[in-house]
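Next up, final.cif (mmCIF, C-alpha atoms and all ligand atoms):
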```cif
data_target
loop_
_atom_site.label_atom_id
_atom_site.label_comp_id
_atom_site.auth_asym_id
_atom_site.auth_seq_id
_atom_site.Cartn_x
_atom_site.Cartn_y
_atom_site.Cartn_z
CA MET P 1 0.00 0.00 0.00
CA ALA P 2 1.24 3.50 -0.84
CA THR P 3 2.74 5.63 1.94
CA GLU P 4 0.52 8.56 2.94
CA GLN P 5 1.73 11.82 1.39
CA THR P 6 -0.06 15.11 0.76
CA PHE P 7 0.87 17.27 -2.21
CA GLY P 8 0.23 21.02 -1.85
CA PHE P 9 0.21 23.71 -4.47
CA TYR P 10 1.71 27.08 -3.55
CA MET P 11 1.93 30.33 -5.48
CA PRO P 12 1.14 34.03 -4.95
CA THR P 13 -2.51 35.04 -4.74
CA VAL P 14 -2.23 37.42 -7.71
CA ASN P 15 0.15 37.07 -10.68
CA LEU P 16 0.24 39.81 -13.32
CA MET P 17 1.77 39.11 -16.73
CA GLY P 18 2.27 41.03 -19.97
CA VAL P 19 3.45 44.33 -21.44
CA GLY P 20 2.63 47.22 -19.07
CA ALA P 21 2.09 45.00 -16.00
CA VAL P 22 4.83 46.88 -14.09
CA LYS P 23 2.53 49.94 -13.87
CA GLU P 24 0.27 47.89 -11.59
CA ALA P 25 2.91 47.87 -8.83
CA GLY P 26 1.62 51.11 -7.25
CA PRO P 27 -2.10 50.33 -7.18
CA ARG P 28 -1.39 46.78 -5.95
CA ILE P 29 0.81 47.74 -2.99
CA LYS P 30 -1.66 50.52 -2.13
CA SER P 31 -4.57 48.07 -2.18
CA LEU P 32 -2.67 45.89 0.31
CA GLY P 33 -2.97 48.75 2.81
CA SER P 34 0.56 50.15 2.59
CA SER P 35 1.49 53.79 3.10
CA LYS P 36 5.31 53.42 2.92
CA THR P 37 7.17 50.67 1.10
CA LEU P 38 10.78 49.47 1.01
CA LEU P 39 11.82 49.00 -2.64
CA VAL P 40 14.54 46.32 -2.59
CA THR P 41 16.73 46.16 -5.68
CA ASP P 42 20.35 45.76 -6.80
CA GLU P 43 22.95 48.34 -7.71
CA GLY P 44 22.82 47.55 -11.45
CA LEU P 45 19.08 48.19 -11.82
CA PHE P 46 19.38 51.24 -9.57
CA LYS P 47 22.08 52.75 -11.79
CA MET P 48 20.05 51.94 -14.92
CA GLY P 49 17.22 54.11 -13.52
CA VAL P 50 14.73 51.22 -13.40
CA ALA P 51 14.24 51.55 -9.63
CA ASP P 52 13.41 55.26 -9.94
CA GLU P 53 10.92 54.50 -12.72
CA VAL P 54 9.15 51.91 -10.57
CA ALA P 55 9.30 54.19 -7.49
CA ALA P 56 7.48 56.83 -9.54
CA TYR P 57 4.63 54.37 -10.34
CA ILE P 58 4.35 53.58 -6.64
CA ARG P 59 4.35 57.24 -5.55
CA GLU P 60 1.69 58.02 -8.19
CA ALA P 61 -0.56 55.56 -6.35
CA GLY P 62 -0.04 57.54 -3.11
CA VAL P 63 2.48 55.24 -1.41
CA ASP P 64 5.79 56.62 -0.09
CA VAL P 65 8.96 54.76 -1.19
CA VAL P 66 12.40 54.17 0.34
CA ILE P 67 14.85 52.55 -2.09
CA PHE P 68 17.32 49.95 -0.79
CA PRO P 69 19.69 49.05 -3.67
CA GLY P 70 21.76 46.66 -1.53
CA ALA P 71 20.89 43.19 -2.86
CA GLU P 72 24.17 41.78 -4.20
CA PRO P 73 24.23 38.93 -6.74
CA ASN P 74 23.97 35.79 -4.54
CA PRO P 75 22.58 37.94 -1.70
CA THR P 76 24.03 37.53 1.76
CA ASP P 77 22.91 37.54 5.38
CA LEU P 78 24.65 40.95 5.62
CA ASN P 79 22.48 42.33 2.79
CA VAL P 80 19.38 41.14 4.65
CA GLU P 81 20.55 42.80 7.90
CA ALA P 82 21.30 46.08 6.11
CA GLY P 83 17.91 46.10 4.37
CA LEU P 84 16.10 45.27 7.60
CA THR P 85 17.73 48.26 9.32
CA VAL P 86 16.51 50.58 6.52
CA TYR P 87 13.02 49.01 6.72
CA LYS P 88 12.78 49.59 10.48
CA GLU P 89 14.42 53.05 10.58
CA ASN P 90 11.94 54.32 7.99
CA ASN P 91 8.87 52.66 9.52
CA CYS P 92 8.03 50.88 6.27
CA ASP P 93 4.91 48.71 6.26
CA SER P 94 5.38 46.76 3.01
CA ILE P 95 8.05 45.51 0.58
CA VAL P 96 8.40 45.74 -3.20
CA SER P 97 11.25 43.75 -4.77
CA LEU P 98 12.59 44.69 -8.19
CA GLY P 99 15.11 42.57 -10.07
CA GLY P 100 16.07 38.95 -10.39
CA GLY P 101 16.39 36.23 -7.79
CA SER P 102 18.95 38.21 -5.79
CA SER P 103 16.63 41.18 -5.17
CA HIS P 104 13.59 38.99 -4.44
CA ASP P 105 15.48 36.66 -2.10
CA CYS P 106 17.09 39.55 -0.21
CA ALA P 107 13.63 41.16 0.11
CA LYS P 108 12.09 37.87 1.30
CA GLY P 109 14.84 37.59 3.91
CA ILE P 110 14.06 41.12 5.12
CA GLY P 111 10.33 40.36 5.19
CA ILE P 112 10.67 37.09 7.12
CA VAL P 113 12.92 38.60 9.80
CA ALA P 114 10.81 41.80 9.99
CA THR P 115 7.78 39.85 11.21
CA ASN P 116 9.37 36.78 12.84
CA GLY P 117 12.44 38.33 14.52
CA GLY P 118 15.86 36.73 15.06
CA THR P 119 18.22 36.51 12.08
CA ILE P 120 17.74 34.94 8.66
CA HIS P 121 19.88 31.95 9.75
CA ASN P 122 17.03 30.85 12.03
CA TYR P 123 14.85 30.06 9.00
CA GLU P 124 17.11 27.73 6.99
CA GLY P 125 15.24 24.56 6.00
CA ILE P 126 11.54 23.97 5.45
CA ASP P 127 8.75 26.10 7.01
CA GLN P 128 10.74 27.36 9.99
CA SER P 129 8.90 30.71 10.30
CA LYS P 130 5.57 31.24 12.09
CA LEU P 131 4.32 34.52 10.65
CA GLY P 132 3.70 35.80 7.13
CA MET P 133 5.80 38.60 5.61
CA PRO P 134 4.55 42.19 5.35
CA PRO P 135 2.50 42.89 2.15
CA PHE P 136 4.91 42.06 -0.68
CA VAL P 137 4.88 42.82 -4.41
CA ALA P 138 7.68 41.20 -6.47
CA ILE P 139 8.56 42.65 -9.90
CA ASN P 140 10.72 40.35 -12.00
CA THR P 141 13.39 41.53 -14.45
CA THR P 142 15.43 38.40 -15.29
CA SER P 143 13.20 35.55 -16.58
CA GLY P 144 15.06 32.82 -14.77
CA THR P 145 14.71 32.14 -11.08
CA ALA P 146 10.92 32.70 -10.76
CA SER P 147 11.68 33.85 -7.23
CA GLU P 148 9.00 36.52 -7.69
CA MET P 149 6.43 33.72 -7.27
CA THR P 150 8.14 31.01 -5.22
CA ARG P 151 8.42 30.15 -1.54
CA PHE P 152 12.19 29.66 -1.95
CA CYS P 153 14.67 32.17 -0.53
CA ILE P 154 18.38 31.53 -1.10
CA ILE P 155 20.74 33.54 1.12
CA THR P 156 24.51 33.15 1.53
CA ASP P 157 25.71 32.64 5.09
CA THR P 158 28.94 34.65 4.86
CA SER P 159 30.59 33.00 7.84
CA ARG P 160 30.06 29.43 6.57
CA LYS P 161 30.26 30.35 2.83
CA VAL P 162 27.13 28.26 2.30
CA LYS P 163 23.96 29.25 0.47
CA MET P 164 21.12 28.59 2.86
CA ALA P 165 17.97 27.19 1.21
CA ILE P 166 14.97 28.65 3.02
CA VAL P 167 11.84 26.92 1.72
CA ASP P 168 8.92 28.51 3.52
CA LYS P 169 5.29 29.08 2.59
CA ASN P 170 5.56 32.46 4.35
CA ALA P 171 8.27 33.52 1.86
CA THR P 172 5.75 33.61 -0.99
CA PRO P 173 5.17 37.17 -2.30
CA THR P 174 1.57 38.43 -2.19
CA VAL P 175 1.63 39.67 -5.82
CA SER P 176 4.05 38.78 -8.63
CA ILE P 177 4.59 40.95 -11.71
CA ASN P 178 6.20 39.81 -14.97
CA ASP P 179 6.44 42.51 -17.64
CA PRO P 180 8.55 41.33 -20.63
CA ILE P 181 9.57 44.92 -21.40
CA LEU P 182 11.63 44.94 -18.18
CA THR P 183 13.71 42.05 -19.57
CA VAL P 184 14.54 43.66 -22.93
CA LYS P 185 17.73 45.33 -21.62
CA LYS P 186 19.19 42.06 -20.34
CA PRO P 187 22.55 41.41 -22.02
CA ALA P 188 22.95 38.17 -24.01
CA GLY P 189 25.06 36.45 -21.34
CA LEU P 190 22.54 37.13 -18.57
CA THR P 191 19.69 36.05 -20.87
CA ALA P 192 21.47 32.76 -21.57
CA ALA P 193 22.30 32.07 -17.93
CA THR P 194 18.85 32.91 -16.53
CA GLY P 195 17.13 31.00 -19.35
CA MET P 196 19.17 27.89 -18.50
CA ASP P 197 18.20 28.35 -14.84
CA ALA P 198 14.53 28.24 -15.90
CA LEU P 199 15.18 25.10 -18.00
CA THR P 200 16.92 23.48 -15.02
CA HIS P 201 13.93 24.26 -12.77
CA ALA P 202 11.57 22.62 -15.27
CA ILE P 203 13.71 19.52 -15.78
CA GLU P 204 14.51 18.98 -12.09
CA ALA P 205 10.81 19.41 -11.22
CA TYR P 206 9.75 17.00 -13.98
CA VAL P 207 12.00 14.21 -12.69
CA SER P 208 11.51 15.08 -8.99
CA THR P 209 10.13 12.47 -6.59
CA ALA P 210 7.46 15.05 -5.65
CA ALA P 211 6.19 15.69 -9.21
CA THR P 212 2.42 15.67 -9.74
CA PRO P 213 0.25 15.90 -12.89
CA VAL P 214 -0.09 19.64 -12.17
CA THR P 215 3.65 20.30 -11.92
CA ASP P 216 4.28 18.00 -14.92
CA ALA P 217 2.01 20.13 -17.13
CA CYS P 218 3.83 23.30 -16.07
CA ALA P 219 7.29 21.78 -16.46
CA LEU P 220 6.75 20.34 -19.94
CA GLN P 221 5.27 23.57 -21.30
CA ALA P 222 8.17 25.52 -19.78
CA ILE P 223 10.66 23.21 -21.54
CA ARG P 224 8.82 23.65 -24.86
CA LEU P 225 8.89 27.45 -24.52
CA VAL P 226 12.61 27.49 -23.63
CA SER P 227 13.31 25.28 -26.64
CA LYS P 228 11.25 27.59 -28.87
CA SER P 229 12.50 30.99 -27.73
CA LEU P 230 15.68 31.04 -25.62
CA ARG P 231 18.04 31.05 -28.60
CA GLY P 232 16.04 33.92 -30.15
CA ALA P 233 16.05 35.96 -26.92
CA VAL P 234 19.84 35.58 -26.67
CA ALA P 235 20.39 36.37 -30.36
CA ASN P 236 18.19 39.48 -30.35
CA GLY P 237 17.27 40.96 -26.98
CA ASP P 238 14.75 43.31 -28.60
CA ASP P 239 12.59 40.40 -29.76
CA VAL P 240 9.64 41.02 -27.43
CA ASP P 241 7.84 37.83 -28.53
CA ALA P 242 10.86 35.74 -27.50
CA ARG P 243 11.12 37.74 -24.26
CA ASN P 244 7.42 37.16 -23.59
CA ASP P 245 7.81 33.41 -24.18
CA MET P 246 10.70 33.36 -21.72
CA THR P 247 8.71 35.21 -19.03
CA TYR P 248 6.03 32.52 -19.33
CA ALA P 249 8.64 29.75 -19.51
CA GLN P 250 10.33 30.83 -16.29
CA PHE P 251 6.96 31.40 -14.58
CA LEU P 252 5.69 27.93 -15.54
CA ALA P 253 9.00 26.41 -14.45
CA GLY P 254 8.52 28.28 -11.16
CA MET P 255 5.03 26.81 -10.72
CA ALA P 256 6.58 23.40 -11.29
CA PHE P 257 9.57 23.56 -8.93
CA ASN P 258 7.81 25.63 -6.26
CA ASN P 259 5.65 22.55 -5.71
CA ALA P 260 7.72 19.57 -6.93
CA SER P 261 11.04 21.05 -5.68
CA LEU P 262 14.39 20.45 -7.37
CA GLY P 263 17.36 18.08 -7.29
CA TYR P 264 21.13 17.73 -7.21
CA VAL P 265 21.77 20.36 -9.91
CA HIS P 266 20.51 23.07 -7.58
CA ALA P 267 21.90 21.39 -4.47
CA ILE P 268 25.40 21.50 -6.01
CA ALA P 269 24.97 24.89 -7.74
CA HIS P 270 24.10 26.48 -4.39
CA GLN P 271 27.48 25.38 -3.04
CA LEU P 272 29.34 26.77 -6.09
CA GLY P 273 27.51 30.07 -5.57
CA GLY P 274 28.35 30.07 -1.85
CA ILE P 275 32.08 29.37 -2.21
CA TYR P 276 32.99 31.08 -5.50
CA ASN P 277 30.11 33.59 -5.87
CA LEU P 278 29.46 32.31 -9.42
CA PRO P 279 26.33 33.17 -11.45
CA HIS P 280 23.58 30.72 -10.50
CA GLY P 281 22.28 30.05 -14.03
CA VAL P 282 25.75 29.30 -15.41
CA CYS P 283 26.46 26.81 -12.59
CA ASN P 284 23.16 25.04 -13.33
CA ALA P 285 23.78 24.96 -17.07
CA VAL P 286 27.21 23.35 -16.63
CA LEU P 287 25.98 20.78 -14.08
CA LEU P 288 22.64 19.91 -15.71
CA PRO P 289 23.71 17.28 -18.29
CA HIS P 290 26.02 15.57 -15.77
CA VAL P 291 23.43 15.30 -12.99
CA GLU P 292 20.76 14.14 -15.43
CA ARG P 293 23.12 11.52 -16.92
CA PHE P 294 23.37 10.17 -13.34
CA ASN P 295 19.56 10.36 -13.00
CA LEU P 296 18.77 8.72 -16.34
CA VAL P 297 18.27 5.19 -15.01
CA ALA P 298 15.76 6.41 -12.42
CA LYS P 299 13.31 8.02 -14.88
CA GLN P 300 14.09 6.91 -18.44
CA GLU P 301 10.56 7.52 -19.77
CA ARG P 302 10.53 11.03 -18.32
CA PHE P 303 13.76 11.86 -20.12
CA VAL P 304 12.10 10.75 -23.36
CA ASP P 305 9.33 13.31 -22.69
CA ILE P 306 11.99 15.96 -22.05
CA ALA P 307 13.76 15.10 -25.31
CA VAL P 308 10.48 15.50 -27.22
CA ALA P 309 9.69 18.80 -25.45
CA LEU P 310 13.17 19.99 -26.49
CA GLY P 311 12.23 19.28 -30.12
CA GLU P 312 14.13 16.02 -30.61
CA ASN P 313 12.88 13.38 -33.04
CA VAL P 314 12.80 10.09 -31.11
CA SER P 315 10.82 7.93 -33.49
CA GLY P 316 12.31 4.49 -34.01
CA LEU P 317 14.63 4.80 -31.02
CA SER P 318 14.70 2.58 -27.97
CA THR P 319 13.62 4.19 -24.67
CA ARG P 320 17.23 4.36 -23.59
CA GLU P 321 18.38 5.96 -26.87
CA ALA P 322 15.50 8.42 -26.82
CA ALA P 323 16.23 9.38 -23.20
CA GLU P 324 19.87 10.10 -24.12
CA LYS P 325 18.58 12.59 -26.70
CA ALA P 326 17.47 14.84 -23.82
CA LEU P 327 21.07 15.08 -22.64
CA THR P 328 22.55 15.87 -26.03
CA ALA P 329 19.81 18.46 -26.65
CA ILE P 330 20.66 20.20 -23.36
CA GLU P 331 24.37 20.21 -24.23
CA GLN P 332 23.66 21.55 -27.71
CA LEU P 333 21.49 24.35 -26.32
CA SER P 334 24.20 25.38 -23.81
CA GLN P 335 26.79 25.35 -26.58
CA ASP P 336 24.59 27.44 -28.91
CA LEU P 337 24.16 30.00 -26.12
CA GLY P 338 27.90 30.21 -25.39
CA ILE P 339 27.67 28.81 -21.86
CA PRO P 340 31.13 27.76 -20.56
CA GLY P 341 31.63 24.01 -21.09
CA ASN P 342 32.98 22.96 -17.70
CA LEU P 343 33.59 23.83 -14.06
CA GLN P 344 37.29 24.38 -14.62
CA ALA P 345 36.49 27.34 -16.86
CA LEU P 346 34.51 28.80 -13.95
CA GLY P 347 37.51 28.61 -11.61
CA VAL P 348 36.22 25.73 -9.49
CA LYS P 349 39.01 23.87 -7.65
CA GLU P 350 39.28 20.08 -7.45
CA GLU P 351 40.44 20.25 -3.83
CA ASP P 352 37.01 21.68 -2.90
CA PHE P 353 35.01 18.75 -4.37
CA GLU P 354 34.60 16.91 -1.06
CA LEU P 355 33.37 20.01 0.79
CA LEU P 356 31.05 20.93 -2.10
CA ALA P 357 29.63 17.40 -2.20
CA THR P 358 29.21 17.17 1.59
CA ASN P 359 27.25 20.42 1.72
CA ALA P 360 25.23 19.60 -1.42
CA MET P 361 23.93 16.45 0.25
CA LYS P 362 22.53 18.57 3.11
CA ASP P 363 20.84 21.12 0.80
CA ALA P 364 17.01 20.95 0.91
CA CYS P 365 16.90 20.69 -2.90
CA SER P 366 18.68 17.31 -2.81
CA PHE P 367 15.81 15.55 -1.00
CA THR P 368 13.63 15.20 -4.13
CA ASN P 369 16.31 14.08 -6.59
CA PRO P 370 15.05 10.92 -8.32
CA ARG P 371 18.21 8.86 -7.73
CA LYS P 372 19.88 8.73 -4.34
CA ALA P 373 23.56 9.60 -4.43
CA ASN P 374 26.32 8.99 -1.91
CA LEU P 375 29.22 11.36 -1.35
CA GLN P 376 31.38 9.67 -3.98
CA ASP P 377 28.58 9.88 -6.57
CA ILE P 378 28.39 13.67 -6.12
CA ILE P 379 32.19 13.94 -6.30
CA ASN P 380 32.05 11.92 -9.55
CA ILE P 381 29.43 14.30 -10.96
CA LEU P 382 31.66 17.26 -10.08
CA ALA P 383 34.65 15.53 -11.68
CA ALA P 384 32.70 14.86 -14.88
CA ALA P 385 31.54 18.49 -15.03
CA TYR P 386 35.10 19.67 -14.38
CA GLU P 387 36.63 18.02 -17.46
CA VAL P 388 37.91 20.24 -20.24
CA LYS P 389 35.76 20.27 -23.36
CA GLU P 390 35.75 22.49 -26.43
CA PRO P 391 36.10 26.09 -25.20
CA GLN P 392 32.93 28.10 -25.86
CA LYS P 393 32.72 31.37 -27.72
CA ALA P 394 30.85 33.32 -25.07
CA PRO P 395 28.13 35.74 -25.06
CA VAL P 396 28.23 34.60 -21.42
CA THR P 397 30.49 36.80 -19.35
CA ILE P 398 31.28 35.42 -15.93
N1 LIG N 401 14.16 31.98 -4.69
C1 LIG N 401 14.13 31.20 -5.75
O1 LIG N 401 13.10 30.61 -6.06
C2 LIG N 401 15.38 31.05 -6.56
C3 LIG N 401 15.45 30.10 -7.60
C4 LIG N 401 16.63 30.03 -8.32
C5 LIG N 401 17.69 30.87 -8.02
N2 LIG N 401 17.60 31.77 -6.99
C6 LIG N 401 18.70 32.69 -6.63
O2 LIG N 401 18.59 33.86 -7.44
C7 LIG N 401 19.91 34.45 -7.61
C8 LIG N 401 20.17 34.69 -9.09
O3 LIG N 401 19.21 35.55 -9.61
P1 LIG N 401 19.18 35.99 -11.15
O4 LIG N 401 19.79 34.92 -11.97
O5 LIG N 401 17.79 36.38 -11.45
O6 LIG N 401 20.16 37.23 -11.23
P2 LIG N 401 20.46 38.40 -10.19
O7 LIG N 401 19.22 38.83 -9.52
O8 LIG N 401 21.61 37.98 -9.34
O9 LIG N 401 20.95 39.56 -11.16
C9 LIG N 401 22.18 39.43 -11.86
C10 LIG N 401 22.57 40.75 -12.49
O10 LIG N 401 21.64 41.07 -13.52
C11 LIG N 401 21.32 42.44 -13.49
N3 LIG N 401 19.97 42.59 -14.06
C12 LIG N 401 18.82 42.12 -13.55
N4 LIG N 401 17.80 42.39 -14.39
C13 LIG N 401 18.32 43.05 -15.45
C14 LIG N 401 17.77 43.58 -16.65
N5 LIG N 401 16.47 43.47 -16.93
N6 LIG N 401 18.59 44.20 -17.51
C15 LIG N 401 19.93 44.28 -17.25
N7 LIG N 401 20.51 43.79 -16.14
C16 LIG N 401 19.70 43.17 -15.24
C17 LIG N 401 21.41 42.83 -12.04
O11 LIG N 401 21.70 44.21 -11.90
C18 LIG N 401 22.55 41.96 -11.52
O12 LIG N 401 23.79 42.62 -11.63
C19 LIG N 401 20.88 33.48 -6.98
O13 LIG N 401 21.24 33.94 -5.69
C20 LIG N 401 20.09 32.18 -6.89
O14 LIG N 401 20.54 31.32 -5.86
C21 LIG N 401 16.46 31.87 -6.27
FE FE N 402 17.57 28.17 -9.97
#
```

Since I need it in another form, could you write the structure as structure tokens?
Ligand SMILES: NC(=O)c1ccc[n+]([C@@H]2O[C@H](COP(=O)([O-])OP(=O)(O)OC[C@H]3O[C@@H](n4cnc5c(N)ncnc54)[C@H](O)[C@@H]3O)[C@@H](O)[C@H]2O)c1
Ligand SMILES: [Fe+2]
Amino acid sequence: MATEQTFGFYMPTVNLMGVGAVKEAGPRIKSLGSSKTLLVTDEGLFKMGVADEVAAYIREAGVDVVIFPGAEPNPTDLNVEAGLTVYKENNCDSIVSLGGGSSHDCAKGIGIVATNGGTIHNYEGIDQSKLGMPPFVAINTTSGTASEMTRFCIITDTSRKVKMAIVDKNATPTVSINDPILTVKKPAGLTAATGMDALTHAIEAYVSTAATPVTDACALQAIRLVSKSLRGAVANGDDVDARNDMTYAQFLAGMAFNNASLGYVHAIAHQLGGIYNLPHGVCNAVLLPHVERFNLVAKQERFVDIAVALGENVSGLSTREAAEKALTAIEQLSQDLGIPGNLQALGVKEEDFELLATNAMKDACSFTNPRKANLQDIINILAAAYEVKEPQKAPVTI
């Protein structure tokens, strides 16, 4: 008889998509009862003037704004502390995050500690907080992490050099906003990296031990959209149709992994981010074919579905041959996008493999990987991903 297990489905209450959606930020935060909001963003978007533009929409709606541009890429516990101080000193009563995963996760960290107290380290793991965050509108600009709609919050513990995975229903924003126009200025390298992050979310969710028919539908459509439009979005950033497809792809992938969770790609990538501060999407892209080669025996039929969703012709092939097509399609996509071919090119050191593997096995994302690995298996995956292959001609700058 099957073991009892309940599957939930989490996402924000309201999710706004499409050209012009960003203008809704003001009315939405106002309607949540706010009179003064903390706008959490990163330095890059602040310097580009995007934060001021969004602040103007919020002020137009009659809500005061304090901008905190202190979310660093791979945001840290120190960023959360600094943002929390600004939130409290200014008596803010809500949060708006603007940016990619780093801004949203930093903002979630601020929100969780603002209502629950303590420090962000207290909330590592699954559902460790008691209270919901303040009213929270998340505006996405990267089409990758889907953090604007997930209950995941990834914060680097600077003393341990570990990315803490905080998976908490209370970390879900109240409203998510995806306006493809905000993604048009993304450079090709960032588009490639964040797009591969979205693909990794979809694939890890599809082969996860917690997948359901609902998450499967989201994951497969996300993979189809990435296959259709990621190359185009990287080749021509002004292609709004490709950008729009990628906002839906990353959102659908978010719906999938927010509920089915992830696997060893993310569990290992979090450690690479924590130790070397590397871009999250690039780490995932390099690890993805190697982890899924390890996973192949666990879910062969599912890899056939992935191959088909990636546009591969599998007719006449055995299940095993067709499943392999998923791996070659992933590698071909990475190569077309100019993603670095191996971990060595990213500056990863072989002497760190054991520490990386040990910490990856403790990461909350590892629990739903379809094939159980021991320490040596993870070290072997790292070693395979480390090997030198053809150097890539980058649009990806790391
Ligand atoms: N919470 C989640 O569900 C979740 C899921 C996956 C990854 N993550 C985390 O998210 C982080 C990565 O986030 P990310 O990949 O979205 O990137 P990011 O937020 O770190 O941003 C990277 C850079 O892109 C710039 N940028 C952002 N939007 C831009 C735009 N439209 N035009 C030009 N430049 C732009 C930023 O200024 C920044 O310098 C990592 O810390 C990762 O661990 C979180
Ligand atoms: Fe990710």

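Near Asp305 (chain P), within 9 Å and counting only C-alpha atoms, sit Leu220, Leu310, Ala322, Ala323 and Ala326 of chain P, not including residues fewer than 5 positions from it in the same chain.
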
*Can you tell me, as a ChimeraX atom specification, what residues are no more than 12 Å from Leu333 (chain P) when counting all atoms listed in the file, ignoring any on the same chain fewer than 2 positions away?*
/P:192-193,195-196,199,223,226-232,234,285-286,288-289,310-312,326-331,335-341

Include C-alpha atoms and write out the residues we just selected as a PDB file, in the coordinates of the input.
```
ATOM      1  CA  ALA P 192      21.470  32.760 -21.570  1.00  0.00           C
ATOM      2  CA  ALA P 193      22.300  32.070 -17.930  1.00  0.00           C
ATOM      3  CA  GLY P 195      17.130  31.000 -19.350  1.00  0.00           C
ATOM      4  CA  MET P 196      19.170  27.890 -18.500  1.00  0.00           C
ATOM      5  CA  LEU P 199      15.180  25.100 -18.000  1.00  0.00           C
ATOM      6  CA  ILE P 223      10.660  23.210 -21.540  1.00  0.00           C
ATOM      7  CA  VAL P 226      12.610  27.490 -23.630  1.00  0.00           C
ATOM      8  CA  SER P 227      13.310  25.280 -26.640  1.00  0.00           C
ATOM      9  CA  LYS P 228      11.250  27.590 -28.870  1.00  0.00           C
ATOM     10  CA  SER P 229      12.500  30.990 -27.730  1.00  0.00           C
ATOM     11  CA  LEU P 230      15.680  31.040 -25.620  1.00  0.00           C
ATOM     12  CA  ARG P 231      18.040  31.050 -28.600  1.00  0.00           C
ATOM     13  CA  GLY P 232      16.040  33.920 -30.150  1.00  0.00           C
ATOM     14  CA  VAL P 234      19.840  35.580 -26.670  1.00  0.00           C
ATOM     15  CA  ALA P 285      23.780  24.960 -17.070  1.00  0.00           C
ATOM     16  CA  VAL P 286      27.210  23.350 -16.630  1.00  0.00           C
ATOM     17  CA  LEU P 288      22.640  19.910 -15.710  1.00  0.00           C
ATOM     18  CA  PRO P 289      23.710  17.280 -18.290  1.00  0.00           C
ATOM     19  CA  LEU P 310      13.170  19.990 -26.490  1.00  0.00           C
ATOM     20  CA  GLY P 311      12.230  19.280 -30.120  1.00  0.00           C
ATOM     21  CA  GLU P 312      14.130  16.020 -30.610  1.00  0.00           C
ATOM     22  CA  ALA P 326      17.470  14.840 -23.820  1.00  0.00           C
ATOM     23  CA  LEU P 327      21.070  15.080 -22.640  1.00  0.00           C
ATOM     24  CA  THR P 328      22.550  15.870 -26.030  1.00  0.00           C
ATOM     25  CA  ALA P 329      19.810  18.460 -26.650  1.00  0.00           C
ATOM     26  CA  ILE P 330      20.660  20.200 -23.360  1.00  0.00           C
ATOM     27  CA  GLU P 331      24.370  20.210 -24.230  1.00  0.00           C
ATOM     28  CA  GLN P 335      26.790  25.350 -26.580  1.00  0.00           C
ATOM     29  CA  ASP P 336      24.590  27.440 -28.910  1.00  0.00           C
ATOM     30  CA  LEU P 337      24.160  30.000 -26.120  1.00  0.00           C
ATOM     31  CA  GLY P 338      27.900  30.210 -25.390  1.00  0.00           C
ATOM     32  CA  ILE P 339      27.670  28.810 -21.860  1.00  0.00           C
ATOM     33  CA  PRO P 340      31.130  27.760 -20.560  1.00  0.00           C
ATOM     34  CA  GLY P 341      31.630  24.010 -21.090  1.00  0.00           C
TER      35      GLY P 341
END
```

*Give me the residues within 9 Å of Cys365 (chain P) as number ranges by chain, counting only C-alpha atoms and dropping any in the same chain fewer than 2 places off.*
P: 165, 261-267, 360-363, 367-369

Mind dumping the selected residues with C-alpha atoms as a compact mmCIF listing (two decimals), in the coordinates of the input?
```txt
# COMPACT_ATOMS: atom_id res chain seq x y z
CA ALA P 165 17.97 27.19 1.21
CA SER P 261 11.04 21.05 -5.68
CA LEU P 262 14.39 20.45 -7.37
CA GLY P 263 17.36 18.08 -7.29
CA TYR P 264 21.13 17.73 -7.21
CA VAL P 265 21.77 20.36 -9.91
CA HIS P 266 20.51 23.07 -7.58
CA ALA P 267 21.90 21.39 -4.47
CA ALA P 360 25.23 19.60 -1.42
CA MET P 361 23.93 16.45 0.25
CA LYS P 362 22.53 18.57 3.11
CA ASP P 363 20.84 21.12 0.80
CA PHE P 367 15.81 15.55 -1.00
CA THR P 368 13.63 15.20 -4.13
CA ASN P 369 16.31 14.08 -6.59
```

*asked:* Give me, as number ranges by chain, the set of residues whose atoms come within 7 Å of any atom of ligand LIG 401 (chain N), counting all atoms listed in the file.
replied: P: 42-45, 72-75, 99-103, 105, 141-147, 150-155, 182-187, 190, 194, 197, 270, 279-281

_I'd like the contact shell of Ala205 (chain P) - 10 Å cut-off, only C-alpha atoms, skipping same-chain residues fewer than 4 positions apart - returned as a list of chain:residue names._
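Counting only the stated atoms, we get P:Leu199, P:Thr200, P:His201, P:Thr209, P:Ala210, P:Ala211, P:Thr212, P:Thr215, P:Asp216, P:Cys218, P:Ala219, P:Leu220, P:Ala253, P:Gly254, P:Met255, P:Ala256, P:Phe257, P:Asn258, P:Asn259, P:Ala260, P:Ser261, P:Leu262, P:Gly263, P:Thr368, P:Asn369, P:Pro370.
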
*Anything within 6 Å of (9.8, 39.6, -22.8): list those residues as an NGL selection string, counting only C-alpha atoms and sticking to the file's coordinates.*
:P and (180-181 or 183 or 240 or 243-244 or 247)

*So what do you get for CA of Gly273 (chain P) versus CA of Gly347 (chain P), distance-wise?*
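Straight-line distance from CA of Gly273 (chain P) to CA of Gly347 (chain P) works out to 11.8 Å.
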
*asked:* I'd like the contact shell of Gly70 (chain P) - 12 Å cut-off, only C-alpha atoms, skipping same-chain residues fewer than 5 positions apart - returned as a PyMOL selection string.
replied: chain P and resi 38-47+75-86+97-99+102-107+110

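Across the structure, CA of Asn284 (chain P) and atom FE of ligand FE 402 (chain N) are spaced 7.2 Å apart.
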
*Work out how far apart CA of Thr37 (chain P) and CA of Asp93 (chain P) are and give it in Å to one decimal.*
6.0 Å
